[in-house]
Each structure stands twice: as C-alpha cells, then as structure tokens.
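Enquirer: Next comes the structure file protein-v1.cif, holding mmCIF, C-alpha atoms, pLDDT in the B column; chains and numbers go by the auth columns.
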```cif
data_input
#
loop_
_atom_site.group_PDB
_atom_site.id
_atom_site.type_symbol
_atom_site.label_atom_id
_atom_site.label_comp_id
_atom_site.label_asym_id
_atom_site.label_seq_id
_atom_site.Cartn_x
_atom_site.Cartn_y
_atom_site.Cartn_z
_atom_site.B_iso_or_equiv
_atom_site.auth_seq_id
_atom_site.auth_asym_id
ATOM 1 C CA MET A 1 0.000 0.000 0.000 59.00 8 A
ATOM 2 C CA THR A 2 1.403 3.364 -1.025 73.00 9 A
ATOM 3 C CA VAL A 3 1.082 6.072 1.579 80.00 10 A
ATOM 4 C CA ASP A 4 0.635 9.684 0.550 84.00 11 A
ATOM 5 C CA PRO A 5 3.917 11.444 1.433 89.00 12 A
ATOM 6 C CA ALA A 6 1.895 14.331 2.873 90.00 13 A
ATOM 7 C CA VAL A 7 0.487 11.955 5.508 92.00 14 A
ATOM 8 C CA LEU A 8 3.974 10.851 6.532 92.00 15 A
ATOM 9 C CA GLU A 9 5.130 14.471 6.622 94.00 16 A
ATOM 10 C CA GLU A 10 2.209 15.359 8.880 94.00 17 A
ATOM 11 C CA LEU A 11 3.085 12.558 11.315 94.00 18 A
ATOM 12 C CA ASP A 12 6.725 13.679 11.235 94.00 19 A
ATOM 13 C CA ARG A 13 5.719 17.285 12.003 95.00 20 A
ATOM 14 C CA LEU A 14 3.596 16.030 14.886 95.00 21 A
ATOM 15 C CA ARG A 15 6.651 14.282 16.358 94.00 22 A
ATOM 16 C CA GLY A 16 8.575 17.547 16.020 94.00 23 A
ATOM 17 C CA ARG A 17 5.894 19.465 17.923 95.00 24 A
ATOM 18 C CA LEU A 18 5.528 16.886 20.717 94.00 25 A
ATOM 19 C CA ASN A 19 8.871 15.922 22.244 93.00 26 A
ATOM 20 C CA GLU A 20 7.197 13.363 24.515 94.00 27 A
ATOM 21 C CA LEU A 21 5.705 11.461 21.558 95.00 28 A
ATOM 22 C CA SER A 22 6.952 7.869 21.411 94.00 29 A
ATOM 23 C CA GLY A 23 4.951 6.936 18.343 94.00 30 A
ATOM 24 C CA SER A 24 1.911 7.645 16.215 96.00 31 A
ATOM 25 C CA VAL A 25 -0.215 5.297 14.137 96.00 32 A
ATOM 26 C CA LEU A 26 -2.886 6.263 11.623 96.00 33 A
ATOM 27 C CA ALA A 27 -5.156 3.266 11.061 95.00 34 A
ATOM 28 C CA THR A 28 -8.515 2.257 9.703 94.00 35 A
ATOM 29 C CA THR A 29 -11.288 1.428 12.131 93.00 36 A
ATOM 30 C CA ASP A 30 -10.757 -2.193 11.015 93.00 37 A
ATOM 31 C CA GLY A 31 -7.276 -2.105 12.574 94.00 38 A
ATOM 32 C CA LEU A 32 -5.146 -1.826 9.418 94.00 39 A
ATOM 33 C CA VAL A 33 -2.163 0.524 9.452 95.00 40 A
ATOM 34 C CA VAL A 34 -2.432 3.409 6.984 94.00 41 A
ATOM 35 C CA ALA A 35 0.769 5.181 8.084 94.00 42 A
ATOM 36 C CA HIS A 36 2.927 5.330 11.182 94.00 43 A
ATOM 37 C CA ASP A 37 5.796 7.074 12.879 93.00 44 A
ATOM 38 C CA ALA A 38 6.470 4.444 15.514 88.00 45 A
ATOM 39 C CA HIS A 39 10.077 3.374 15.913 84.00 46 A
ATOM 40 C CA ASP A 40 10.050 1.378 19.172 85.00 47 A
ATOM 41 C CA ILE A 41 6.415 0.292 18.969 90.00 48 A
ATOM 42 C CA GLU A 42 4.836 -2.386 16.758 94.00 49 A
ATOM 43 C CA PRO A 43 2.394 -0.371 14.568 95.00 50 A
ATOM 44 C CA ASP A 44 0.274 -3.365 13.529 96.00 51 A
ATOM 45 C CA SER A 45 -0.432 -4.260 17.154 95.00 52 A
ATOM 46 C CA ILE A 46 -1.212 -0.658 18.067 96.00 53 A
ATOM 47 C CA ALA A 47 -3.584 -0.330 15.082 96.00 54 A
ATOM 48 C CA ALA A 48 -5.469 -3.519 15.966 96.00 55 A
ATOM 49 C CA LEU A 49 -5.735 -2.674 19.666 96.00 56 A
ATOM 50 C CA ALA A 50 -6.736 0.923 18.948 96.00 57 A
ATOM 51 C CA ALA A 51 -9.490 -0.226 16.584 95.00 58 A
ATOM 52 C CA ALA A 52 -10.861 -2.608 19.205 95.00 59 A
ATOM 53 C CA HIS A 53 -10.642 0.119 21.855 95.00 60 A
ATOM 54 C CA LEU A 54 -12.389 2.575 19.534 92.00 61 A
ATOM 55 C CA ALA A 55 -15.250 0.163 18.896 91.00 62 A
ATOM 56 C CA LEU A 56 -15.728 -0.388 22.615 93.00 63 A
ATOM 57 C CA ALA A 57 -15.482 3.330 23.407 93.00 64 A
ATOM 58 C CA ARG A 58 -18.052 4.113 20.686 90.00 65 A
ATOM 59 C CA ARG A 59 -20.453 1.587 22.227 92.00 66 A
ATOM 60 C CA PHE A 60 -19.823 3.125 25.629 91.00 67 A
ATOM 61 C CA ALA A 61 -20.588 6.641 24.320 91.00 68 A
ATOM 62 C CA HIS A 62 -23.709 5.314 22.610 91.00 69 A
ATOM 63 C CA ALA A 63 -24.867 3.494 25.764 92.00 70 A
ATOM 64 C CA VAL A 64 -24.858 6.718 27.763 93.00 71 A
ATOM 65 C CA SER A 65 -26.297 8.805 24.884 92.00 72 A
ATOM 66 C CA HIS A 66 -23.326 11.169 24.675 92.00 73 A
ATOM 67 C CA GLY A 67 -23.231 11.345 20.871 90.00 74 A
ATOM 68 C CA GLU A 68 -20.343 10.477 18.582 89.00 75 A
ATOM 69 C CA LEU A 69 -16.999 9.560 20.090 89.00 76 A
ATOM 70 C CA ARG A 70 -14.191 11.978 19.269 92.00 77 A
ATOM 71 C CA GLU A 71 -11.262 10.815 21.354 93.00 78 A
ATOM 72 C CA SER A 72 -10.186 8.469 24.089 94.00 79 A
ATOM 73 C CA VAL A 73 -7.387 8.610 26.668 94.00 80 A
ATOM 74 C CA VAL A 74 -5.717 5.726 28.460 94.00 81 A
ATOM 75 C CA GLU A 75 -3.469 6.788 31.328 94.00 82 A
ATOM 76 C CA CYS A 76 -0.771 4.325 32.363 94.00 83 A
ATOM 77 C CA ASP A 77 1.991 4.401 34.967 94.00 84 A
ATOM 78 C CA ARG A 78 4.570 5.531 32.411 94.00 85 A
ATOM 79 C CA GLY A 79 2.535 7.485 29.887 94.00 86 A
ATOM 80 C CA TYR A 80 -0.592 8.016 27.846 96.00 87 A
ATOM 81 C CA ILE A 81 -2.216 6.361 24.869 96.00 88 A
ATOM 82 C CA THR A 82 -4.619 8.727 23.121 96.00 89 A
ATOM 83 C CA SER A 83 -6.826 7.931 20.141 96.00 90 A
ATOM 84 C CA TYR A 84 -8.660 10.426 17.957 96.00 91 A
ATOM 85 C CA THR A 85 -11.259 9.682 15.293 94.00 92 A
ATOM 86 C CA ALA A 86 -10.176 10.867 11.859 93.00 93 A
ATOM 87 C CA GLY A 87 -13.387 10.797 9.894 88.00 94 A
ATOM 88 C CA PRO A 88 -15.800 7.904 10.310 85.00 95 A
ATOM 89 C CA ASN A 89 -13.388 5.178 9.181 89.00 96 A
ATOM 90 C CA ALA A 90 -9.951 6.082 10.558 93.00 97 A
ATOM 91 C CA LEU A 91 -8.222 6.933 13.805 95.00 98 A
ATOM 92 C CA LEU A 92 -4.959 8.426 14.968 97.00 99 A
ATOM 93 C CA THR A 93 -3.335 6.853 18.017 97.00 100 A
ATOM 94 C CA LEU A 94 -0.485 8.516 19.907 97.00 101 A
ATOM 95 C CA VAL A 95 1.757 6.973 22.538 96.00 102 A
ATOM 96 C CA THR A 96 3.419 9.516 24.817 96.00 103 A
ATOM 97 C CA THR A 97 5.622 9.447 27.881 93.00 104 A
ATOM 98 C CA GLY A 98 4.370 10.177 31.386 92.00 105 A
ATOM 99 C CA ASP A 99 5.772 13.708 31.435 93.00 106 A
ATOM 100 C CA ALA A 100 3.695 14.713 28.402 94.00 107 A
ATOM 101 C CA ASN A 101 1.528 17.811 28.719 93.00 108 A
ATOM 102 C CA LEU A 102 -1.806 16.167 27.918 94.00 109 A
ATOM 103 C CA ALA A 103 -3.460 19.475 26.980 95.00 110 A
ATOM 104 C CA MET A 104 -0.713 20.116 24.414 96.00 111 A
ATOM 105 C CA VAL A 105 -0.998 16.545 23.125 96.00 112 A
ATOM 106 C CA HIS A 106 -4.740 17.060 22.583 95.00 113 A
ATOM 107 C CA LEU A 107 -4.245 20.429 20.892 95.00 114 A
ATOM 108 C CA GLU A 108 -1.593 19.187 18.465 96.00 115 A
ATOM 109 C CA ALA A 109 -3.352 15.873 17.792 96.00 116 A
ATOM 110 C CA ARG A 110 -6.674 17.558 16.981 96.00 117 A
ATOM 111 C CA ARG A 111 -4.913 19.906 14.554 95.00 118 A
ATOM 112 C CA CYS A 112 -3.086 16.976 12.997 95.00 119 A
ATOM 113 C CA VAL A 113 -6.335 15.003 12.591 95.00 120 A
ATOM 114 C CA ARG A 114 -8.002 17.914 10.790 94.00 121 A
ATOM 115 C CA ARG A 115 -5.080 18.111 8.358 93.00 122 A
ATOM 116 C CA LEU A 116 -4.984 14.341 7.854 93.00 123 A
ATOM 117 C CA VAL A 117 -8.706 14.272 7.092 93.00 124 A
ATOM 118 C CA ARG A 118 -8.190 16.940 4.428 91.00 125 A
ATOM 119 C CA ILE A 119 -5.129 15.191 2.978 89.00 126 A
ATOM 120 C CA MET A 120 -6.799 11.799 2.797 84.00 127 A
ATOM 121 C CA LYS A 121 -10.244 13.161 1.939 78.00 128 A
ATOM 122 C CA LEU A 122 -11.803 11.171 4.773 52.00 129 A
ATOM 123 C CA ASP A 123 -14.744 13.561 5.059 45.00 130 A
ATOM 124 C CA ASN A 124 -17.198 11.570 2.903 48.00 131 A
ATOM 125 C CA PRO A 125 -16.259 7.874 2.831 49.00 132 A
ATOM 126 C CA ARG A 126 -18.757 5.065 3.240 54.00 133 A
ATOM 127 C CA PRO A 127 -20.744 5.528 6.420 58.00 134 A
ATOM 128 C CA ARG A 128 -19.987 3.318 9.374 57.00 135 A
ATOM 129 C CA PRO A 129 -22.744 0.861 10.256 63.00 136 A
ATOM 130 C CA GLU A 130 -25.003 1.902 13.094 68.00 137 A
ATOM 131 C CA ILE A 131 -24.664 0.240 16.465 65.00 138 A
ATOM 132 C CA PRO A 132 -27.544 -2.235 16.740 69.00 139 A
ATOM 133 C CA GLN A 133 -30.099 -1.652 19.458 68.00 140 A
ATOM 134 C CA GLN A 134 -30.126 -4.318 22.133 65.00 141 A
ATOM 135 C CA PRO A 135 -33.733 -5.306 22.858 67.00 142 A
ATOM 136 C CA GLY A 136 -34.515 -5.471 26.548 63.00 143 A
ATOM 137 C CA PRO A 137 -36.591 -8.200 28.128 60.00 144 A
ATOM 138 C CA ALA A 138 -40.320 -7.953 27.376 59.00 145 A
ATOM 139 C CA THR A 139 -41.129 -8.466 31.040 58.00 146 A
ATOM 140 C CA PRO A 140 -39.064 -7.573 34.052 58.00 147 A
ATOM 141 C CA LEU A 141 -36.843 -10.304 35.372 57.00 148 A
ATOM 142 C CA ALA A 142 -38.340 -12.321 38.237 57.00 149 A
ATOM 143 C CA ARG A 143 -37.054 -11.322 41.623 58.00 150 A
ATOM 144 C CA ARG A 144 -35.174 -14.125 43.291 59.00 151 A
ATOM 145 C CA THR A 145 -35.912 -14.691 46.978 60.00 152 A
ATOM 146 C CA PRO A 146 -34.901 -17.521 49.292 61.00 153 A
ATOM 147 C CA MET A 147 -38.471 -18.828 49.270 58.00 154 A
ATOM 148 C CA ALA A 148 -38.570 -18.852 45.473 59.00 155 A
ATOM 149 C CA THR A 149 -35.699 -21.315 45.362 59.00 156 A
ATOM 150 C CA LEU A 150 -37.499 -23.894 47.540 59.00 157 A
ATOM 151 C CA SER A 151 -39.540 -26.604 45.917 65.00 158 A
ATOM 152 C CA THR A 152 -43.342 -26.274 46.069 66.00 159 A
ATOM 153 C CA ASN A 153 -43.637 -29.028 48.722 67.00 160 A
ATOM 154 C CA ALA A 154 -40.980 -27.409 50.893 65.00 161 A
ATOM 155 C CA ARG A 155 -42.826 -24.070 50.678 62.00 162 A
ATOM 156 C CA ARG A 156 -46.080 -25.712 51.782 69.00 163 A
ATOM 157 C CA ARG A 157 -44.361 -27.347 54.742 71.00 164 A
ATOM 158 C CA GLN A 158 -42.683 -24.040 55.624 67.00 165 A
ATOM 159 C CA ALA A 159 -46.039 -22.174 55.483 69.00 166 A
ATOM 160 C CA ALA A 160 -47.821 -24.858 57.531 72.00 167 A
ATOM 161 C CA GLY A 161 -45.005 -24.793 59.895 63.00 168 A
#
```
Represent the structure from my file as structure tokens, please.

Expert:
Amino acid sequence: MTVDPAVLEELDRLRGRLNELSGSVLATTDGLVVAHDAHDIEPDSIAALAAAHLALARRFAHAVSHGELRESVVECDRGYITSYTAGPNALLTLVTTGDANLAMVHLEARRCVRRLVRIMKLDNPRPRPEIPQQPGPATPLARRTPMATLSTNARRRQAAG
C-alpha cells in the first residue's frame, strides 16, 4: 500500500511538535495501518488494539447517549495512549511518555487530525454501520428470593409450619 507522502510528513511534524511522543499510528477502524511514525512500537499491534478500543469506546458513548466519540485517553503508569477519530473510518493513536503535557498533546493531535482528514479526503467515505439496538426483556426479570428457590412441597411445609 502506497502512503501519501503528505500523511507521513504530517506525522513527522507532529513528532517535532511533541517531544514526549513515542509513536503515532494512523489506522482504519478495522485495525489496518495506513501510516505510522512508531520506531520502538509495533504499529500493527497498536492499530489492531486501537481499533478494538475505539469500537468499545463508541459503544460506551452510545450506551450513555453522549453522541459520537471523538477521542479516548488511556493513562498508564509511564505514559498516555490517546486515540482520535479521523473521519468515520480512521483513527490516529499517539503513545506519549508520562511527562507529556496532555493538553498540548490534545491540541496538536486535533490539529493533525483535521489536516490528515483533508489530505486523505476522509470527510465523505462510506458511512460506518449503526450500532444495533439491544432489545430489553419484554417483562421484568423475576425477583429471586430464598423462598422462590425452595420446591413447592418445601414451601407448603414451611407455610404450615
């Protein structure tokens, strides 16, 4: 797969603006690497994990009716992993050290995503399938009590008592 040189330049500029950046991976929401600037990190693994994380985070946002997911942050002992949606079918994942200024990371990453979307023309690709609605039970679940677990004969003996 040939990567647009402008995409690689954008990821390189991002590294120049964020000294604490360990690596960046631009991937599809299916977990395939589009481009990366990750020297000490396996980009294929990051892309696959980020796609799975994105899918879960989108479901989470949907479950609480907070609208479309824009970004996600994972804070670890030694750093941050941040993911940003880049159009409906791509995401940018950054791995930074623990001394990273998270506000600056967000600012630069959001700017980078806007430029990447323009470069790759990700504004109008095929729409992502909707999250299916989970039907709830038609009737409320039966309440379990200690008496409900006894057999019918045992309940009669208990009542007659």

Enquirer: Compile the contact shell of Thr104 (chain A) as a PyMOL selection string: residues with an atom at most 7 Å away, counting all atoms listed in the file, same-chain residues fewer than 6 positions apart removed.

Expert: chain A and resi 27-29+85-87

Enquirer: Identify, on the basis of all atoms listed in the file, every residue whose closest approach to Ala59 (chain A) does not exceed 12 Å; exclude the query and any residue fewer than 6 positions from it along the same chain; express the result as a list in words.

Expert: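 Using all atoms listed in the file, the neighbours found are Ala34, Thr35, Thr36, Asp37, Gly38, Leu39, Ser52, Ile53, Arg65, Arg66, Ser90 and Leu98 of chain A.
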
Enquirer: To verify the selection step, state as a PyMOL selection string which residues the PyMOL selection byres ((chain A and resi 105-109) around 10) yields on this input.

Expert: chain A and resi 25-28+80+82-87+89+102-104+110-115

Enquirer: Could you tell me which of A:Ala42, A:Ala58, A:Val14, A:Leu63 comes closest to Leu123 (chain A) if we count all atoms listed in the file?

Expert: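 Closest candidate: A:Val14.
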
Enquirer: In terms of the shortest atom-to-atom distance over only C-alpha atoms, which of A:Arg22, A:Val81, A:Ala167, A:Val32 is closest to Ala55 (chain A)?

Expert: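 Answer, going by the shortest atom-to-atom distance: A:Val32.
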
Enquirer: Tell me, in Å to one decimal, how far CA of Leu99 (chain A) is from CA of Arg24 (chain A).

Expert: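 Taking CA of Leu99 (chain A) and CA of Arg24 (chain A), their separation equals 15.8 Å.
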
Enquirer: How many Å lie between CA of Ile126 (chain A) and CA of Glu49 (chain A), rounded to one decimal?

Expert: 24.5 Å

Enquirer: Point out the residue among A:Ala68, A:Leu18, A:Leu61, A:Val120 with the least atom-to-atom distance to Asp44 (chain A), counting all atoms listed in the file.

Expert: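 Of A:Ala68, A:Leu18, A:Leu61, A:Val120, the one nearest Asp44 (chain A) is A:Leu18, counting all atoms listed in the file.
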
Enquirer: Just the number, please: distance in Å from CA of Ile48 (chain A) to CA of Arg77 (chain A), one decimal.

Expert: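 Result for CA of Ile48 (chain A) versus CA of Arg77 (chain A): 23.7 Å, one decimal.
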
Enquirer: For Arg121 (chain A), which of A:Leu101, A:Ala93, A:Val71, A:Ile88 is the closest residue, counting only C-alpha atoms?

Expert: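 The closest residue to Arg121 (chain A) is A:Ala93.
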
Enquirer: Which residue out of A:Ala64, A:His73, A:Asp19, A:Thr100 has the minimum interatomic distance to Asp51 (chain A) when all atoms listed in the file are used?

Expert: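 The shortest atom-to-atom distance to Asp51 (chain A) comes from A:Thr100.
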
Enquirer: Give the answer as one residue: which of A:Glu75, A:Ala116, A:Lys128, A:His60 has the shortest atom-to-atom distance to Ser31 (chain A), using only C-alpha atoms?

Expert: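 Result for the nearest residue to Ser31 (chain A): A:Ala116.
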
Enquirer: Centre and edge lengths, as JSON, for the axis-aligned box enclosing every listed atom of region 39-50 of chain A with 5 Å of padding on each of the six sides, in Å to one decimal?

Expert:
```
{"center_x": 2.5, "center_y": 2.3, "center_z": 13.1, "size_x": 25.2, "size_y": 19.5, "size_z": 22.2}
```
